[in-house]
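Engineer: Contents of target-v1.pdb (PDB, C-alpha atoms, pLDDT in the B column) are below:
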```pdb
MODEL        1
ATOM      1  CA  ALA A   1      12.889  64.639 -13.073  1.00 44.00           C
ATOM      2  CA  HIS A   2      10.049  64.326 -15.528  1.00 51.00           C
ATOM      3  CA  ASN A   3       9.425  67.097 -18.007  1.00 47.00           C
ATOM      4  CA  TYR A   4       5.742  66.632 -18.825  1.00 58.00           C
ATOM      5  CA  VAL A   5       3.796  69.340 -20.624  1.00 58.00           C
ATOM      6  CA  ARG A   6       0.288  69.606 -19.228  1.00 62.00           C
ATOM      7  CA  ASN A   7      -2.493  70.672 -21.561  1.00 63.00           C
ATOM      8  CA  SER A   8      -4.724  72.928 -19.451  1.00 65.00           C
ATOM      9  CA  ALA A   9      -7.707  72.044 -21.667  1.00 63.00           C
ATOM     10  CA  LYS A  10      -7.447  68.482 -20.317  1.00 70.00           C
ATOM     11  CA  LYS A  11      -7.091  69.502 -16.660  1.00 80.00           C
ATOM     12  CA  MET A  12      -8.661  66.890 -14.423  1.00 80.00           C
ATOM     13  CA  ASN A  13      -8.759  65.918 -10.762  1.00 88.00           C
ATOM     14  CA  LEU A  14      -6.262  63.099 -10.115  1.00 89.00           C
ATOM     15  CA  SER A  15      -8.846  60.699  -8.635  1.00 88.00           C
ATOM     16  CA  THR A  16     -11.212  61.260 -11.549  1.00 90.00           C
ATOM     17  CA  GLU A  17      -8.425  60.760 -14.040  1.00 92.00           C
ATOM     18  CA  ILE A  18      -7.353  57.493 -12.428  1.00 91.00           C
ATOM     19  CA  TYR A  19     -10.950  56.261 -12.634  1.00 91.00           C
ATOM     20  CA  LYS A  20     -11.260  57.386 -16.283  1.00 93.00           C
ATOM     21  CA  THR A  21      -7.902  55.832 -17.176  1.00 94.00           C
ATOM     22  CA  SER A  22      -8.856  52.494 -15.635  1.00 94.00           C
ATOM     23  CA  LEU A  23     -12.060  52.478 -17.704  1.00 94.00           C
ATOM     24  CA  LEU A  24     -10.071  53.214 -20.881  1.00 96.00           C
ATOM     25  CA  ILE A  25      -7.639  50.413 -20.028  1.00 96.00           C
ATOM     26  CA  THR A  26     -10.634  48.107 -19.527  1.00 96.00           C
ATOM     27  CA  ILE A  27     -12.060  48.978 -22.946  1.00 96.00           C
ATOM     28  CA  ASN A  28      -8.672  48.446 -24.612  1.00 97.00           C
ATOM     29  CA  ALA A  29      -8.113  45.191 -22.732  1.00 97.00           C
ATOM     30  CA  LEU A  30     -11.523  43.797 -23.721  1.00 97.00           C
ATOM     31  CA  SER A  31     -10.905  44.565 -27.382  1.00 97.00           C
ATOM     32  CA  HIS A  32      -7.398  43.080 -27.222  1.00 97.00           C
ATOM     33  CA  LYS A  33      -8.125  39.996 -25.082  1.00 97.00           C
ATOM     34  CA  PRO A  34     -11.896  39.400 -24.779  1.00 97.00           C
ATOM     35  CA  LEU A  35     -11.289  36.254 -22.692  1.00 97.00           C
ATOM     36  CA  GLY A  36      -9.306  38.264 -20.159  1.00 97.00           C
ATOM     37  CA  TYR A  37      -5.740  38.573 -18.949  1.00 97.00           C
ATOM     38  CA  GLY A  38      -6.074  35.999 -16.186  1.00 96.00           C
ATOM     39  CA  PHE A  39      -6.405  36.124 -12.430  1.00 95.00           C
ATOM     40  CA  ASN A  40      -4.465  38.983 -10.791  1.00 93.00           C
ATOM     41  CA  ASN A  41      -3.033  40.164 -14.134  1.00 96.00           C
ATOM     42  CA  TYR A  42      -4.597  43.636 -14.367  1.00 96.00           C
ATOM     43  CA  ASN A  43      -1.039  44.979 -14.243  1.00 96.00           C
ATOM     44  CA  GLU A  44      -0.275  43.417 -17.641  1.00 97.00           C
ATOM     45  CA  ALA A  45      -3.123  45.303 -19.312  1.00 96.00           C
ATOM     46  CA  PHE A  46      -2.199  48.487 -17.447  1.00 96.00           C
ATOM     47  CA  ASN A  47       1.400  48.307 -18.663  1.00 96.00           C
ATOM     48  CA  GLN A  48       0.278  47.480 -22.197  1.00 96.00           C
ATOM     49  CA  PHE A  49      -2.096  50.438 -22.600  1.00 96.00           C
ATOM     50  CA  ILE A  50      -1.093  53.207 -20.149  1.00 93.00           C
ATOM     51  CA  GLN A  51       1.371  54.889 -22.519  1.00 92.00           C
ATOM     52  CA  SER A  52      -1.287  55.235 -25.221  1.00 92.00           C
ATOM     53  CA  ILE A  53      -3.691  57.058 -22.888  1.00 91.00           C
ATOM     54  CA  ASP A  54      -3.343  60.834 -22.822  1.00 88.00           C
ATOM     55  CA  VAL A  55      -3.288  62.024 -19.217  1.00 87.00           C
ATOM     56  CA  TYR A  56      -3.087  65.443 -17.597  1.00 86.00           C
ATOM     57  CA  ASN A  57      -1.639  64.298 -14.252  1.00 86.00           C
ATOM     58  CA  TRP A  58       1.608  62.423 -14.918  1.00 87.00           C
ATOM     59  CA  GLU A  59       1.142  60.672 -11.551  1.00 90.00           C
ATOM     60  CA  THR A  60      -1.729  58.726 -13.132  1.00 89.00           C
ATOM     61  CA  ARG A  61       0.778  56.545 -14.991  1.00 91.00           C
ATOM     62  CA  GLY A  62       2.081  55.135 -11.714  1.00 91.00           C
ATOM     63  CA  LEU A  63      -1.012  54.812  -9.522  1.00 90.00           C
ATOM     64  CA  ASN A  64      -3.388  51.858  -9.154  1.00 89.00           C
ATOM     65  CA  THR A  65      -1.309  49.800 -11.565  1.00 90.00           C
ATOM     66  CA  LYS A  66      -2.400  46.470 -10.056  1.00 91.00           C
ATOM     67  CA  ASP A  67      -6.012  47.080  -9.026  1.00 88.00           C
ATOM     68  CA  GLY A  68      -7.461  49.642 -11.424  1.00 85.00           C
ATOM     69  CA  SER A  69      -8.835  51.657  -8.488  1.00 86.00           C
ATOM     70  CA  ASN A  70     -12.049  49.626  -8.377  1.00 89.00           C
ATOM     71  CA  THR A  71     -12.803  45.949  -8.479  1.00 92.00           C
ATOM     72  CA  PHE A  72     -15.195  46.205 -11.448  1.00 94.00           C
ATOM     73  CA  VAL A  73     -12.424  47.056 -13.913  1.00 94.00           C
ATOM     74  CA  LYS A  74     -10.118  44.486 -12.334  1.00 95.00           C
ATOM     75  CA  ILE A  75     -12.708  41.714 -12.784  1.00 95.00           C
ATOM     76  CA  VAL A  76     -13.547  42.719 -16.363  1.00 96.00           C
ATOM     77  CA  VAL A  77      -9.891  42.998 -17.432  1.00 97.00           C
ATOM     78  CA  GLU A  78      -8.837  39.756 -15.776  1.00 97.00           C
ATOM     79  CA  PHE A  79     -11.830  37.595 -16.714  1.00 97.00           C
ATOM     80  CA  GLY A  80     -13.057  39.295 -19.892  1.00 97.00           C
ATOM     81  CA  ILE A  81     -16.441  38.084 -21.074  1.00 97.00           C
ATOM     82  CA  PHE A  82     -16.445  35.473 -18.306  1.00 97.00           C
ATOM     83  CA  SER A  83     -16.899  38.341 -15.829  1.00 96.00           C
ATOM     84  CA  LEU A  84     -20.510  38.438 -17.047  1.00 97.00           C
ATOM     85  CA  LEU A  85     -21.101  35.311 -14.944  1.00 96.00           C
ATOM     86  CA  PHE A  86     -20.183  37.207 -11.782  1.00 94.00           C
ATOM     87  CA  PHE A  87     -22.352  40.172 -12.722  1.00 95.00           C
ATOM     88  CA  TYR A  88     -25.247  37.831 -13.592  1.00 95.00           C
ATOM     89  CA  PHE A  89     -24.900  36.296 -10.129  1.00 93.00           C
ATOM     90  CA  LEU A  90     -24.959  39.728  -8.434  1.00 93.00           C
ATOM     91  CA  ILE A  91     -28.020  40.876 -10.347  1.00 94.00           C
ATOM     92  CA  SER A  92     -29.899  37.632  -9.760  1.00 93.00           C
ATOM     93  CA  PHE A  93     -28.941  37.737  -6.058  1.00 94.00           C
ATOM     94  CA  PHE A  94     -30.317  41.253  -5.754  1.00 93.00           C
ATOM     95  CA  PHE A  95     -33.586  40.425  -7.526  1.00 93.00           C
ATOM     96  CA  ASN A  96     -34.117  37.044  -5.837  1.00 93.00           C
ATOM     97  CA  ASN A  97     -37.430  37.244  -3.951  1.00 92.00           C
ATOM     98  CA  ARG A  98     -36.551  34.243  -1.761  1.00 92.00           C
ATOM     99  CA  ILE A  99     -33.701  36.133  -0.063  1.00 93.00           C
ATOM    100  CA  ASP A 100     -34.555  38.500   2.778  1.00 94.00           C
ATOM    101  CA  ASN A 101     -34.068  42.156   1.822  1.00 94.00           C
ATOM    102  CA  LYS A 102     -32.092  42.845   5.023  1.00 95.00           C
ATOM    103  CA  ILE A 103     -29.553  40.196   4.032  1.00 94.00           C
ATOM    104  CA  LYS A 104     -29.381  41.557   0.486  1.00 93.00           C
ATOM    105  CA  ILE A 105     -28.724  45.094   1.699  1.00 92.00           C
ATOM    106  CA  PHE A 106     -26.143  43.898   4.228  1.00 93.00           C
ATOM    107  CA  LEU A 107     -24.187  42.067   1.526  1.00 92.00           C
ATOM    108  CA  ILE A 108     -24.816  44.104  -1.599  1.00 87.00           C
ATOM    109  CA  LEU A 109     -23.732  47.460  -0.126  1.00 89.00           C
ATOM    110  CA  PRO A 110     -20.095  46.556   0.617  1.00 89.00           C
ATOM    111  CA  ILE A 111     -19.843  44.542  -2.608  1.00 90.00           C
ATOM    112  CA  THR A 112     -21.190  47.433  -4.691  1.00 89.00           C
ATOM    113  CA  ILE A 113     -19.032  50.035  -2.977  1.00 88.00           C
ATOM    114  CA  GLN A 114     -15.883  48.042  -3.634  1.00 88.00           C
ATOM    115  CA  LEU A 115     -17.011  46.989  -7.089  1.00 88.00           C
ATOM    116  CA  CYS A 116     -18.015  50.372  -8.473  1.00 85.00           C
ATOM    117  CA  ILE A 117     -16.788  53.181  -6.250  1.00 83.00           C
ATOM    118  CA  ARG A 118     -13.505  52.195  -4.641  1.00 81.00           C
ATOM    119  CA  GLY A 119     -11.973  48.796  -4.189  1.00 77.00           C
ATOM    120  CA  VAL A 120      -8.477  47.420  -4.240  1.00 75.00           C
ATOM    121  CA  GLY A 121      -8.886  43.838  -5.334  1.00 81.00           C
ATOM    122  CA  TYR A 122     -10.397  40.603  -4.241  1.00 86.00           C
ATOM    123  CA  PHE A 123      -8.589  40.050  -0.954  1.00 84.00           C
ATOM    124  CA  ASN A 124      -9.000  43.446   0.719  1.00 79.00           C
ATOM    125  CA  GLY A 125     -11.979  45.055   2.384  1.00 79.00           C
ATOM    126  CA  GLY A 126     -13.960  41.843   2.623  1.00 86.00           C
ATOM    127  CA  PHE A 127     -14.953  41.789  -1.072  1.00 89.00           C
ATOM    128  CA  LEU A 128     -14.272  38.076  -1.485  1.00 91.00           C
ATOM    129  CA  LEU A 129     -15.879  37.227   1.880  1.00 92.00           C
ATOM    130  CA  PHE A 130     -19.083  39.186   1.176  1.00 93.00           C
ATOM    131  CA  SER A 131     -19.272  37.795  -2.366  1.00 93.00           C
ATOM    132  CA  PHE A 132     -18.781  34.231  -1.128  1.00 94.00           C
ATOM    133  CA  ILE A 133     -21.474  34.589   1.553  1.00 94.00           C
ATOM    134  CA  ALA A 134     -23.847  36.048  -1.054  1.00 94.00           C
ATOM    135  CA  LEU A 135     -23.055  33.130  -3.373  1.00 94.00           C
ATOM    136  CA  LEU A 136     -23.816  30.561  -0.648  1.00 95.00           C
ATOM    137  CA  ILE A 137     -27.132  32.236   0.203  1.00 94.00           C
ATOM    138  CA  TRP A 138     -28.025  32.517  -3.497  1.00 93.00           C
ATOM    139  CA  LEU A 139     -27.196  28.840  -4.148  1.00 93.00           C
ATOM    140  CA  ASP A 140     -29.202  27.785  -1.086  1.00 92.00           C
ATOM    141  CA  SER A 141     -32.224  29.815  -2.158  1.00 90.00           C
ATOM    142  CA  ASN A 142     -32.091  28.355  -5.652  1.00 82.00           C
ATOM    143  CA  SER A 143     -31.686  24.770  -4.421  1.00 83.00           C
ATOM    144  CA  ARG A 144     -34.737  25.166  -2.120  1.00 70.00           C
ATOM    145  CA  ASN A 145     -36.745  26.326  -5.118  1.00 59.00           C
ATOM    146  CA  ASN A 146     -35.927  23.143  -7.051  1.00 60.00           C
ATOM    147  CA  LEU A 147     -37.007  20.715  -4.317  1.00 52.00           C
TER
ENDMDL
END
```
Now, as a test, write the supplied structure out as structure tokens.

Structural biologist:
Amino acid sequence: AHNYVRNSAKKMNLSTEIYKTSLLITINALSHKPLGYGFNNYNEAFNQFIQSIDVYNWETRGLNTKDGSNTFVKIVVEFGIFSLLFFYFLISFFFNNRIDNKIKIFLILPITIQLCIRGVGYFNGGFLLFSFIALLIWLDSNSRNNL
């Protein structure tokens, strides 16, 4: 049995605290290893920094230890500054005038939801599939422009 003292001034909804904690782990991870922890190694950063983060809900220390609760933090922690390449691709895909808006909406919605709101990694919920399809369409549209 855990004997945690909860500071009522720091009372927070569990889901919100998990999201906040994952962002704090991301900030710590970037400052510690700016090149990233490597593919599927979010857990290493989580274990390294979770004890230094003050939490209200003790359950926070044991939840979303491998995925960070959203794919954005997972990508940033695992790939560090190289994650900017992925985010550059997403932004340029969205603003590419040669790609039909219906296709952009179809692909960008599930990617954004899993990236920013709630996602559990690369291999669940179609994140990798939607991202790969978007990449192929983006590459095709850019190659047609250079012909």

Engineer: For the structure shown, which residues end up in the PyMOL selection byres ((chain A and resi 18-25) around 12)? Put them as a ChimeraX atom specification, please?

Structural biologist: /A:12-17,26-33,42-78,116-119

Engineer: What's the separation between CA of Val120 in chain A and CA of Leu85 in chain A, in Å to one decimal place?

Structural biologist: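 These two atoms are separated by 20.5 Å.
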
Engineer: Pick the closest to Phe39 in chain A from A:Phe86, A:Ile108, A:Asp100, A:Gly121: which is it, counting all atoms listed in the file?

Structural biologist: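 Using all atoms listed in the file, Phe39 in chain A sits closest to A:Gly121.
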
Engineer: Enter the distance from CA of Phe123 in chain A to CA of Pro110 in chain A, in Å, rounded to one decimal.

Structural biologist: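 Here the two named atoms are 13.3 Å from each other.
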
Engineer: Using all atoms listed in the file, which residue out of A:Leu35, A:Leu139, A:Ala134, A:Leu84 lies closest to Leu109 in chain A?

Structural biologist: A:Ala134

Engineer: Have a look at CA of Gly80 in chain A and CA of Phe95 in chain A and let me know their distance in Å, one decimal.

Structural biologist: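 Atom-to-atom, CA of Gly80 in chain A to CA of Phe95 in chain A, that is 24.0 Å.
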
Engineer: Suppose a student applies the PyMOL selection byres ((chain A and resi 138) around 12) to this structure; what residues should they get, written as JSON, numbers by chain?

Structural biologist: {"A": [88, 89, 90, 91, 92, 93, 94, 95, 96, 97, 98, 99, 100, 103, 104, 107, 131, 132, 133, 134, 135, 136, 137, 139, 140, 141, 142, 143, 144, 145]}

Engineer: Any chance you could work out the axis-aligned box around range 97-111 of chain A, listed atoms only, 6 Å on each side, giving centre and edge lengths in Å to one decimal, as lines of an AutoDock Vina configuration file?

Structural biologist:
```
center_x = -28.6
center_y = 40.9
center_z = 0.5
size_x = 29.6
size_y = 25.2
size_z = 21.0
```

Engineer: Would you mind telling me which residue in A:Ile81, A:Phe130, A:Phe87, A:Tyr122 lies nearest to Ile105 in chain A when using only C-alpha atoms?

Structural biologist: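 Smallest separation from Ile105 in chain A among the options: A:Phe130.
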